[in-house]
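See below for start-v6.cif, which holds mmCIF, C-alpha atoms; chains and numbers go by the auth columns.
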data_upload
#
loop_
_atom_site.group_PDB
_atom_site.id
_atom_site.type_symbol
_atom_site.label_atom_id
_atom_site.label_comp_id
_atom_site.label_asym_id
_atom_site.label_seq_id
_atom_site.Cartn_x
_atom_site.Cartn_y
_atom_site.Cartn_z
_atom_site.B_iso_or_equiv
_atom_site.auth_seq_id
_atom_site.auth_asym_id
ATOM 1 C CA MET A 1 139.756 146.440 106.345 0.00 1 A
ATOM 2 C CA LEU A 2 136.844 145.250 104.182 0.00 2 A
ATOM 3 C CA GLY A 3 135.635 143.048 107.039 0.00 3 A
ATOM 4 C CA ALA A 4 135.772 145.952 109.492 0.00 4 A
ATOM 5 C CA ALA A 5 133.835 148.156 107.081 0.00 5 A
ATOM 6 C CA ALA A 6 131.172 145.462 106.698 0.00 6 A
ATOM 7 C CA VAL A 7 130.814 145.142 110.475 0.00 7 A
ATOM 8 C CA LEU A 8 130.296 148.889 110.804 0.00 8 A
ATOM 9 C CA ALA A 9 127.311 148.596 108.480 0.00 9 A
ATOM 10 C CA VAL A 10 125.542 146.119 110.798 0.00 10 A
ATOM 11 C CA PRO A 11 122.891 147.881 112.924 0.00 11 A
ATOM 12 C CA ALA A 12 123.273 147.561 116.671 0.00 12 A
ATOM 13 C CA ALA A 13 120.839 145.226 118.447 0.00 13 A
ATOM 14 C CA ALA A 14 118.573 146.481 121.216 0.00 14 A
ATOM 15 C CA THR A 15 119.469 145.325 124.718 0.00 15 A
ATOM 16 C CA GLY A 16 116.179 145.563 126.606 0.00 16 A
ATOM 17 C CA THR A 17 114.351 142.737 128.340 0.00 17 A
ATOM 18 C CA GLY A 18 110.977 143.033 126.648 0.00 18 A
ATOM 19 C CA PRO A 19 109.576 141.155 123.662 0.00 19 A
ATOM 20 C CA GLY A 20 111.437 141.711 120.414 0.00 20 A
ATOM 21 C CA ASP A 21 114.547 143.116 122.102 0.00 21 A
ATOM 22 C CA GLY A 22 116.904 140.659 120.362 0.00 22 A
ATOM 23 C CA ALA A 23 118.266 139.365 123.682 0.00 23 A
ATOM 24 C CA ARG A 24 115.559 136.846 124.566 0.00 24 A
ATOM 25 C CA PRO A 25 116.914 133.542 125.924 0.00 25 A
ATOM 26 C CA ALA A 26 115.337 130.733 123.896 0.00 26 A
ATOM 27 C CA PHE A 27 115.678 127.692 126.130 0.00 27 A
ATOM 28 C CA ASN A 28 116.322 128.632 129.735 0.00 28 A
ATOM 29 C CA SER A 29 113.932 128.106 132.583 0.00 29 A
ATOM 30 C CA PRO A 30 112.424 131.247 134.194 0.00 30 A
ATOM 31 C CA ALA A 31 114.927 130.947 137.033 0.00 31 A
ATOM 32 C CA ASP A 32 117.822 130.745 134.568 0.00 32 A
ATOM 33 C CA ASN A 33 116.481 133.722 132.637 0.00 33 A
ATOM 34 C CA GLU A 34 116.241 135.806 135.809 0.00 34 A
ATOM 35 C CA ALA A 35 119.768 134.808 136.823 0.00 35 A
ATOM 36 C CA GLY A 36 121.064 135.677 133.375 0.00 36 A
ATOM 37 C CA ARG A 37 119.453 139.113 133.480 0.00 37 A
ATOM 38 C CA ALA A 38 120.898 139.742 136.920 0.00 38 A
ATOM 39 C CA ALA A 39 124.382 138.735 135.821 0.00 39 A
ATOM 40 C CA GLY A 40 124.130 140.685 132.578 0.00 40 A
ATOM 41 C CA GLY A 41 125.552 137.801 130.558 0.00 41 A
ATOM 42 C CA ALA A 42 126.359 134.106 130.465 0.00 42 A
ATOM 43 C CA SER A 43 129.633 132.458 131.449 0.00 43 A
ATOM 44 C CA MET A 44 131.380 130.234 128.936 0.00 44 A
ATOM 45 C CA THR A 45 131.503 127.235 131.265 0.00 45 A
ATOM 46 C CA ALA A 46 127.797 127.569 132.083 0.00 46 A
ATOM 47 C CA VAL A 47 126.817 127.649 128.419 0.00 47 A
ATOM 48 C CA LEU A 48 129.020 124.669 127.531 0.00 48 A
ATOM 49 C CA ARG A 49 127.557 122.676 130.434 0.00 49 A
ATOM 50 C CA ALA A 50 123.997 123.561 129.482 0.00 50 A
ATOM 51 C CA PHE A 51 124.457 122.643 125.811 0.00 51 A
ATOM 52 C CA PRO A 52 126.617 119.501 125.516 0.00 52 A
ATOM 53 C CA GLN A 53 126.264 119.268 121.749 0.00 53 A
ATOM 54 C CA LEU A 54 127.635 122.783 121.415 0.00 54 A
ATOM 55 C CA ALA A 55 130.457 121.848 123.766 0.00 55 A
ATOM 56 C CA ALA A 56 131.255 118.816 121.599 0.00 56 A
ATOM 57 C CA GLY A 57 131.282 120.883 118.412 0.00 57 A
ATOM 58 C CA ILE A 58 133.443 123.607 119.932 0.00 58 A
ATOM 59 C CA LEU A 59 135.818 120.947 121.297 0.00 59 A
ATOM 60 C CA MET A 60 136.265 119.486 117.817 0.00 60 A
ATOM 61 C CA ALA A 61 136.895 122.952 116.396 0.00 61 A
ATOM 62 C CA GLY A 62 139.398 123.738 119.148 0.00 62 A
ATOM 63 C CA VAL A 63 141.330 120.518 118.564 0.00 63 A
ATOM 64 C CA GLY A 64 141.299 121.269 114.846 0.00 64 A
ATOM 65 C CA GLY A 65 142.809 124.664 115.532 0.00 65 A
ATOM 66 C CA VAL A 66 145.593 123.268 117.712 0.00 66 A
ATOM 67 C CA CYS A 67 146.413 120.589 115.123 0.00 67 A
ATOM 68 C CA TRP A 68 146.361 122.893 112.092 0.00 68 A
ATOM 69 C CA PHE A 69 150.124 123.396 112.272 0.00 69 A
ATOM 70 C CA GLY A 70 150.552 119.748 111.258 0.00 70 A
ATOM 71 C CA PHE A 71 149.120 120.597 107.843 0.00 71 A
ATOM 72 C CA SER A 72 150.607 124.039 107.227 0.00 72 A
ATOM 73 C CA LEU A 73 154.039 123.729 108.829 0.00 73 A
ATOM 74 C CA GLY A 74 154.129 119.967 108.283 0.00 74 A
ATOM 75 C CA LEU A 75 153.698 120.243 104.521 0.00 75 A
ATOM 76 C CA ALA A 76 156.330 122.962 104.301 0.00 76 A
ATOM 77 C CA VAL A 77 158.911 120.933 106.244 0.00 77 A
ATOM 78 C CA LEU A 78 157.998 117.681 104.492 0.00 78 A
ATOM 79 C CA GLY A 79 158.697 119.364 101.150 0.00 79 A
ATOM 80 C CA VAL A 80 162.162 120.357 102.337 0.00 80 A
ATOM 81 C CA GLU A 81 162.820 116.847 103.631 0.00 81 A
ATOM 82 C CA LEU A 82 161.868 115.409 100.219 0.00 82 A
ATOM 83 C CA GLU A 83 163.989 118.041 98.424 0.00 83 A
ATOM 84 C CA MET A 84 160.881 119.668 96.951 0.00 84 A
ATOM 85 C CA PRO A 85 160.795 122.960 98.881 0.00 85 A
ATOM 86 C CA GLY A 86 157.615 124.902 98.322 0.00 86 A
ATOM 87 C CA ALA A 87 156.010 122.317 96.035 0.00 87 A
ATOM 88 C CA LEU A 88 154.157 120.233 98.629 0.00 88 A
ATOM 89 C CA ILE A 89 152.758 123.194 100.551 0.00 89 A
ATOM 90 C CA ALA A 90 151.616 124.811 97.289 0.00 90 A
ATOM 91 C CA ALA A 91 149.855 121.639 96.116 0.00 91 A
ATOM 92 C CA GLY A 92 148.250 120.975 99.488 0.00 92 A
ATOM 93 C CA MET A 93 147.064 124.511 100.147 0.00 93 A
ATOM 94 C CA SER A 94 145.767 124.890 96.584 0.00 94 A
ATOM 95 C CA GLY A 95 143.784 121.662 96.793 0.00 95 A
ATOM 96 C CA TYR A 96 142.451 122.435 100.249 0.00 96 A
ATOM 97 C CA GLY A 97 141.517 126.040 99.487 0.00 97 A
ATOM 98 C CA SER A 98 139.890 125.359 96.134 0.00 98 A
ATOM 99 C CA ALA A 99 137.734 122.521 97.452 0.00 99 A
ATOM 100 C CA SER A 100 136.771 124.515 100.548 0.00 100 A
ATOM 101 C CA VAL A 101 135.601 127.475 98.462 0.00 101 A
ATOM 102 C CA LEU A 102 133.604 125.260 96.098 0.00 102 A
ATOM 103 C CA ALA A 103 131.970 123.398 98.991 0.00 103 A
ATOM 104 C CA SER A 104 131.031 126.704 100.604 0.00 104 A
ATOM 105 C CA PHE A 105 128.691 127.447 97.690 0.00 105 A
ATOM 106 C CA LEU A 106 126.824 124.172 98.261 0.00 106 A
ATOM 107 C CA VAL A 107 126.692 124.147 102.059 0.00 107 A
ATOM 108 C CA PRO A 108 124.086 126.932 102.550 0.00 108 A
ATOM 109 C CA VAL A 109 121.700 125.186 100.174 0.00 109 A
ATOM 110 C CA VAL A 110 121.524 121.848 102.013 0.00 110 A
ATOM 111 C CA ILE A 111 122.875 122.375 105.540 0.00 111 A
ATOM 112 C CA ASP A 112 119.390 122.767 107.053 0.00 112 A
ATOM 113 C CA ARG A 113 118.488 119.272 105.854 0.00 113 A
ATOM 114 C CA LEU A 114 121.381 117.610 107.677 0.00 114 A
ATOM 115 C CA PRO A 115 121.655 116.465 111.315 0.00 115 A
ATOM 116 C CA ARG A 116 123.929 118.888 113.129 0.00 116 A
ATOM 117 C CA MET A 117 125.881 116.519 115.348 0.00 117 A
ATOM 118 C CA ARG A 118 126.590 113.867 112.748 0.00 118 A
ATOM 119 C CA THR A 119 127.550 116.498 110.184 0.00 119 A
ATOM 120 C CA MET A 120 130.144 117.983 112.549 0.00 120 A
ATOM 121 C CA VAL A 121 131.541 114.574 113.434 0.00 121 A
ATOM 122 C CA VAL A 122 131.847 113.412 109.823 0.00 122 A
ATOM 123 C CA SER A 123 133.369 116.724 108.743 0.00 123 A
ATOM 124 C CA TRP A 124 136.137 116.710 111.332 0.00 124 A
ATOM 125 C CA ALA A 125 136.783 112.966 110.964 0.00 125 A
ATOM 126 C CA VAL A 126 137.175 113.261 107.184 0.00 126 A
ATOM 127 C CA LEU A 127 139.520 116.207 107.668 0.00 127 A
ATOM 128 C CA GLY A 128 141.629 114.165 110.067 0.00 128 A
ATOM 129 C CA LEU A 129 141.696 111.195 107.698 0.00 129 A
ATOM 130 C CA ALA A 130 142.753 113.398 104.793 0.00 130 A
ATOM 131 C CA PHE A 131 145.647 114.923 106.697 0.00 131 A
ATOM 132 C CA ALA A 132 146.805 111.533 107.960 0.00 132 A
ATOM 133 C CA LEU A 133 146.985 110.305 104.345 0.00 133 A
ATOM 134 C CA ILE A 134 149.166 113.170 103.105 0.00 134 A
ATOM 135 C CA PRO A 135 152.518 111.500 103.976 0.00 135 A
ATOM 136 C CA VAL A 136 151.324 108.420 102.052 0.00 136 A
ATOM 137 C CA ALA A 137 150.514 110.584 99.025 0.00 137 A
ATOM 138 C CA ALA A 138 153.885 112.387 99.062 0.00 138 A
ATOM 139 C CA PRO A 139 155.790 113.188 96.955 0.00 139 A
ATOM 140 C CA ASN A 140 153.107 112.931 94.246 0.00 140 A
ATOM 141 C CA LEU A 141 151.821 116.490 93.981 0.00 141 A
ATOM 142 C CA ALA A 142 148.543 115.517 92.298 0.00 142 A
ATOM 143 C CA LEU A 143 147.752 113.021 95.058 0.00 143 A
ATOM 144 C CA ILE A 144 148.633 115.543 97.756 0.00 144 A
ATOM 145 C CA ALA A 145 146.319 118.103 96.148 0.00 145 A
ATOM 146 C CA ALA A 146 143.536 115.509 95.896 0.00 146 A
ATOM 147 C CA VAL A 147 143.867 114.345 99.507 0.00 147 A
ATOM 148 C CA ALA A 148 144.027 117.924 100.779 0.00 148 A
ATOM 149 C CA ALA A 149 140.976 118.744 98.648 0.00 149 A
ATOM 150 C CA LEU A 150 139.071 115.975 100.430 0.00 150 A
ATOM 151 C CA GLY A 151 139.758 117.684 103.745 0.00 151 A
ATOM 152 C CA GLY A 152 138.987 121.119 102.339 0.00 152 A
ATOM 153 C CA ALA A 153 135.658 119.953 100.958 0.00 153 A
ATOM 154 C CA ALA A 154 134.683 118.492 104.356 0.00 154 A
ATOM 155 C CA MET A 155 135.587 121.494 106.480 0.00 155 A
ATOM 156 C CA PRO A 156 132.766 123.970 105.616 0.00 156 A
ATOM 157 C CA TRP A 157 130.121 121.430 106.615 0.00 157 A
ATOM 158 C CA GLY A 158 131.378 121.158 110.180 0.00 158 A
ATOM 159 C CA ILE A 159 131.677 124.910 110.600 0.00 159 A
ATOM 160 C CA ALA A 160 128.203 125.534 109.167 0.00 160 A
ATOM 161 C CA ALA A 161 126.636 122.810 111.325 0.00 161 A
ATOM 162 C CA LEU A 162 128.190 124.245 114.496 0.00 162 A
ATOM 163 C CA ASN A 163 127.104 127.792 113.680 0.00 163 A
ATOM 164 C CA ALA A 164 123.588 126.586 112.885 0.00 164 A
ATOM 165 C CA LEU A 165 123.480 124.661 116.165 0.00 165 A
ATOM 166 C CA ILE A 166 124.535 127.735 118.123 0.00 166 A
ATOM 167 C CA SER A 167 121.883 129.833 116.386 0.00 167 A
ATOM 168 C CA GLU A 168 119.150 127.258 116.998 0.00 168 A
ATOM 169 C CA GLN A 169 119.865 126.418 120.630 0.00 169 A
ATOM 170 C CA THR A 170 120.843 129.803 122.062 0.00 170 A
ATOM 171 C CA SER A 171 119.977 133.473 121.904 0.00 171 A
ATOM 172 C CA GLY A 172 120.992 136.699 123.579 0.00 172 A
ATOM 173 C CA ALA A 173 123.917 136.484 125.982 0.00 173 A
ATOM 174 C CA GLN A 174 124.190 132.718 125.609 0.00 174 A
ATOM 175 C CA ARG A 175 124.511 133.008 121.840 0.00 175 A
ATOM 176 C CA ARG A 176 127.201 135.664 122.114 0.00 176 A
ATOM 177 C CA THR A 177 129.071 133.528 124.624 0.00 177 A
ATOM 178 C CA ALA A 178 128.840 130.415 122.455 0.00 178 A
ATOM 179 C CA PHE A 179 130.148 132.189 119.366 0.00 179 A
ATOM 180 C CA THR A 180 132.920 133.746 121.459 0.00 180 A
ATOM 181 C CA ALA A 181 133.906 130.322 122.789 0.00 181 A
ATOM 182 C CA GLU A 182 134.040 128.943 119.258 0.00 182 A
ATOM 183 C CA ALA A 183 136.219 131.812 118.021 0.00 183 A
ATOM 184 C CA VAL A 184 138.536 131.878 121.031 0.00 184 A
ATOM 185 C CA LEU A 185 139.144 128.134 121.197 0.00 185 A
ATOM 186 C CA HIS A 186 139.589 127.637 117.455 0.00 186 A
ATOM 187 C CA SER A 187 141.620 130.759 116.666 0.00 187 A
ATOM 188 C CA GLY A 188 143.516 130.616 119.959 0.00 188 A
ATOM 189 C CA GLY A 189 144.202 126.928 119.413 0.00 189 A
ATOM 190 C CA THR A 190 145.553 127.682 115.943 0.00 190 A
ATOM 191 C CA SER A 191 147.924 130.301 117.332 0.00 191 A
ATOM 192 C CA LEU A 192 149.062 127.979 120.105 0.00 192 A
ATOM 193 C CA GLY A 193 149.666 125.134 117.661 0.00 193 A
ATOM 194 C CA LEU A 194 151.664 127.310 115.295 0.00 194 A
ATOM 195 C CA LEU A 195 153.704 128.640 118.219 0.00 195 A
ATOM 196 C CA ALA A 196 154.740 125.187 119.413 0.00 196 A
ATOM 197 C CA GLY A 197 154.403 123.295 116.140 0.00 197 A
ATOM 198 C CA GLY A 198 157.867 123.961 114.791 0.00 198 A
ATOM 199 C CA ALA A 199 159.483 122.373 117.837 0.00 199 A
ATOM 200 C CA VAL A 200 157.143 119.384 117.654 0.00 200 A
ATOM 201 C CA ILE A 201 157.906 118.814 113.959 0.00 201 A
ATOM 202 C CA GLY A 202 161.610 119.261 114.586 0.00 202 A
ATOM 203 C CA TRP A 203 161.472 116.591 117.293 0.00 203 A
ATOM 204 C CA ALA A 204 159.164 114.030 115.637 0.00 204 A
ATOM 205 C CA GLY A 205 159.449 114.764 111.915 0.00 205 A
ATOM 206 C CA ALA A 206 156.875 116.155 109.504 0.00 206 A
ATOM 207 C CA GLY A 207 155.427 112.831 108.315 0.00 207 A
ATOM 208 C CA PRO A 208 154.707 111.376 111.772 0.00 208 A
ATOM 209 C CA VAL A 209 153.255 114.699 112.925 0.00 209 A
ATOM 210 C CA LEU A 210 150.852 114.788 109.968 0.00 210 A
ATOM 211 C CA VAL A 211 149.673 111.249 110.737 0.00 211 A
ATOM 212 C CA ALA A 212 149.368 111.967 114.462 0.00 212 A
ATOM 213 C CA ARG A 213 147.527 115.218 113.765 0.00 213 A
ATOM 214 C CA GLY A 214 144.979 113.370 111.660 0.00 214 A
ATOM 215 C CA LEU A 215 144.460 110.639 114.240 0.00 215 A
ATOM 216 C CA VAL A 216 143.996 113.173 117.036 0.00 216 A
ATOM 217 C CA GLN A 217 141.320 114.911 114.996 0.00 217 A
ATOM 218 C CA ILE A 218 139.523 111.623 114.358 0.00 218 A
ATOM 219 C CA LEU A 219 139.641 110.807 118.082 0.00 219 A
ATOM 220 C CA ALA A 220 138.278 114.277 118.881 0.00 220 A
ATOM 221 C CA ALA A 221 135.389 113.656 116.490 0.00 221 A
ATOM 222 C CA ALA A 222 134.661 110.310 118.151 0.00 222 A
ATOM 223 C CA ALA A 223 134.796 111.896 121.606 0.00 223 A
ATOM 224 C CA GLY A 224 132.470 114.666 120.467 0.00 224 A
ATOM 225 C CA LEU A 225 129.995 112.127 119.121 0.00 225 A
ATOM 226 C CA LEU A 226 129.984 110.175 122.385 0.00 226 A
ATOM 227 C CA HIS A 227 129.559 113.331 124.439 0.00 227 A
ATOM 228 C CA GLY A 228 126.735 114.580 122.251 0.00 228 A
ATOM 229 C CA MET A 229 124.908 111.232 122.381 0.00 229 A
ATOM 230 C CA ARG A 230 125.330 110.582 126.109 0.00 230 A
ATOM 231 C CA ALA A 231 124.339 114.069 127.210 0.00 231 A
ATOM 232 C CA PRO A 232 121.653 115.501 124.906 0.00 232 A
ATOM 233 C CA SER A 233 121.294 119.251 125.162 0.00 233 A
ATOM 234 C CA ARG A 234 118.953 120.523 127.835 0.00 234 A
ATOM 235 C CA ALA A 235 117.673 122.893 125.192 0.00 235 A
ATOM 236 C CA GLY A 236 116.413 119.972 123.143 0.00 236 A
ATOM 237 C CA ARG A 237 114.026 118.983 125.941 0.00 237 A
ATOM 238 C CA ILE A 238 112.460 122.447 126.290 0.00 238 A
ATOM 239 C CA PRO A 239 110.207 123.712 123.497 0.00 239 A
ATOM 240 C CA ARG A 240 111.546 126.796 121.849 0.00 240 A
ATOM 241 C CA GLU A 241 109.567 129.929 122.600 0.00 241 A
ATOM 242 C CA ARG A 242 107.990 131.413 119.480 0.00 242 A
ATOM 243 C CA THR A 243 107.678 135.164 119.108 0.00 243 A
ATOM 244 C CA ALA A 244 107.179 137.624 116.302 0.00 244 A
ATOM 245 C CA THR A 245 110.918 138.263 116.277 0.00 245 A
ATOM 246 C CA ASN A 246 111.583 134.706 115.020 0.00 246 A
#
Please express what this file holds, its structure, as structure tokens.
Amino acid sequence: MLGAAAVLAVPAAATGTGPGDGARPAFNSPADNEAGRAAGGASMTAVLRAFPQLAAGILMAGVGGVCWFGFSLGLAVLGVELEMPGALIAAGMSGYGSASVLASFLVPVVIDRLPRMRTMVVSWAVLGLAFALIPVAAPNLALIAAVAALGGAAMPWGIAALNALISEQTSGAQRRTAFTAEAVLHSGGTSLGLLAGGAVIGWAGAGPVLVARGLVQILAAAAGLLHGMRAPSRAGRIPRERTATN
């Protein structure tokens, strides 16, 4: 309810096609701009193809969403398996949440000094490593909290780097599409993972799922790095248009 009230306080953006209208494409060619105006928007696949680094970052976020069940459900089931119901999930979530909140105060201060792609890759890789180490730390609650805190401290950096990249490389319809893709793939992936995660844990066991979840996230980070390096964004080769609205 508080979030909805805050959104209502945000003034609506103008939707014209002239200077200062808030919907100016920042990187497209004139032909692309004309096509975008004619279509009234930008398709998700077109934006992800045009900006490979964004596609890599959104892929990592989507994989992270799908694999989240390994941490949340996995810790809960692992605690039951070790005859410590509730203890492991409390330690892990407390460590993760506390470190994530603390890191969030630091991220805005230094994020603009960091390379976007490498920051995303390191963030998601560290998160994957932390979650893969949780079964090794169990049943020591202090170690579980510490390992989870490592992942929680890494997470805000990847999110901030992706959001900054979207803001820098896109505008107008492309920006709205990119942020929508990020939200849909990450949040939708989380829902999908939680829906199927119980069956996966029941079949493979909580410990192996936690390790596999971490390794998958590390592989996704490596794949994102390769994709971002092999296919630099088209936007990076076109000077950004400067206007008074910047």
Item checked: Distance of atom CA of A:Trp203 from atom CA of A:Met60, expressed in Å to one decimal place ->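 We find that atom CA of A:Met60 and atom CA of A:Trp203 lie 25.4 Å from each other.
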Item checked: Nearest-residue call for A:Gly193, choices A:Ala12, A:Leu54, A:Leu73, A:Leu219, using all atoms listed in the file ->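 Selected residue with least distance to A:Gly193: A:Leu73.
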Next item on the list: Please indicate the distance in Å from atom CA of A:Leu59 to atom CA of A:His227, rounded to one decimal place.
Entry: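 Answer for the atom CA of A:Leu59 to atom CA of A:His227 separation: 10.3 Å.
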Next item on the list: Using only C-alpha atoms, determine which residues lie at most 10 Å from A:Ala160, disregarding the query and same-chain residues fewer than 4 positions distant; provide the list as a ChimeraX atom specification.
Entry: /A:104,107-108,111-112,116,119-120,155-156,164-166
Next item on the list: Give as a VMD selection string each residue that has an atom at most 12 Å from (135.9, 116.4, 102.9) in the file, counting all atoms listed in the file.
Entry: chain A and resid 95 to 104 119 to 131 146 to 158
Note to self: Using all atoms listed in the file - which residues lie no farther than 10 Å from the point (136.1, 126.7, 120.4) in the file's frame? Write them as a list in words.
What the structure shows: Leu54, Ala55, Ala56, Gly57, Ile58, Leu59, Met60, Ala61, Gly62, Val63, Gly64, Gly65, Ala178, Phe179, Thr180, Ala181, Glu182, Ala183, Val184, Leu185, His186, Ser187, Gly188 and Gly189 of chain A
Notebook entry, point to check: Pick the closest to A:Ala196 from A:Leu48, A:Cys67, A:Ala9, A:Ala132: which is it, counting all atoms listed in the file?
Noted result: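 The closest residue to A:Ala196 is A:Cys67.
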Checklist line | Residue IDs satisfying the PyMOL selection byres ((chain A and resi 213) around 8), as a PyMOL selection string | finding: chain A and resi 67-68+70+128+131-132+209-212+214-217
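Atom CA of A:Ala206 lies 4.9 Å from atom CA of A:Gly74.
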Next item on the list: Between A:Ala173, A:Leu141, A:Val80, A:Met229, single out the one closest to A:Met117, counting only C-alpha atoms.
Entry: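 Ranked by minimum distance to A:Met117, first place goes to A:Met229.
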All residues 9 Å or closer to A:Arg175, all atoms listed in the file, same chain fewer than 5 positions away omitted, as a compact mmCIF listing (two decimals) with C-alpha atoms, keeping the file's coordinate frame:
# COMPACT_ATOMS: atom_id res chain seq x y z
CA PRO A 25 116.91 133.54 125.92
CA ALA A 42 126.36 134.11 130.46
CA VAL A 47 126.82 127.65 128.42
CA ILE A 166 124.54 127.74 118.12
CA SER A 167 121.88 129.83 116.39
CA GLN A 169 119.86 126.42 120.63
CA THR A 170 120.84 129.80 122.06
CA THR A 180 132.92 133.75 121.46
Any idea what's packed within 12 Å of A:Ala87, counting all atoms listed in the file, ignoring anything in its chain fewer than 2 positions away? Could you give it as a PDB file with C-alpha atoms, in the coordinates of the input?
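Saved as out38.pdb:
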ATOM      1  CA  LEU A  75     153.698 120.243 104.521  1.00  0.00           C
ATOM      2  CA  ALA A  76     156.330 122.962 104.301  1.00  0.00           C
ATOM      3  CA  VAL A  77     158.911 120.933 106.244  1.00  0.00           C
ATOM      4  CA  LEU A  78     157.998 117.681 104.492  1.00  0.00           C
ATOM      5  CA  GLY A  79     158.697 119.364 101.150  1.00  0.00           C
ATOM      6  CA  VAL A  80     162.162 120.357 102.337  1.00  0.00           C
ATOM      7  CA  GLU A  81     162.820 116.847 103.631  1.00  0.00           C
ATOM      8  CA  LEU A  82     161.868 115.409 100.219  1.00  0.00           C
ATOM      9  CA  GLU A  83     163.989 118.041  98.424  1.00  0.00           C
ATOM     10  CA  MET A  84     160.881 119.668  96.951  1.00  0.00           C
ATOM     11  CA  PRO A  85     160.795 122.960  98.881  1.00  0.00           C
ATOM     12  CA  ILE A  89     152.758 123.194 100.551  1.00  0.00           C
ATOM     13  CA  ALA A  90     151.616 124.811  97.289  1.00  0.00           C
ATOM     14  CA  ALA A  91     149.855 121.639  96.116  1.00  0.00           C
ATOM     15  CA  GLY A  92     148.250 120.975  99.488  1.00  0.00           C
ATOM     16  CA  MET A  93     147.064 124.511 100.147  1.00  0.00           C
ATOM     17  CA  SER A  94     145.767 124.890  96.584  1.00  0.00           C
ATOM     18  CA  ALA A 138     153.885 112.387  99.062  1.00  0.00           C
ATOM     19  CA  PRO A 139     155.790 113.188  96.955  1.00  0.00           C
ATOM     20  CA  ASN A 140     153.107 112.931  94.246  1.00  0.00           C
ATOM     21  CA  LEU A 141     151.821 116.490  93.981  1.00  0.00           C
ATOM     22  CA  ALA A 142     148.543 115.517  92.298  1.00  0.00           C
ATOM     23  CA  ILE A 144     148.633 115.543  97.756  1.00  0.00           C
ATOM     24  CA  ALA A 145     146.319 118.103  96.148  1.00  0.00           C
TER      25      ALA A 145
END
Next item on the list: Have a look at A:Ile134, A:Gln174, A:Leu143, A:Leu114 and name the one nearest to A:Ala46; count all atoms listed in the file.
Entry: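 Using all atoms listed in the file, A:Ala46 sits closest to A:Gln174.
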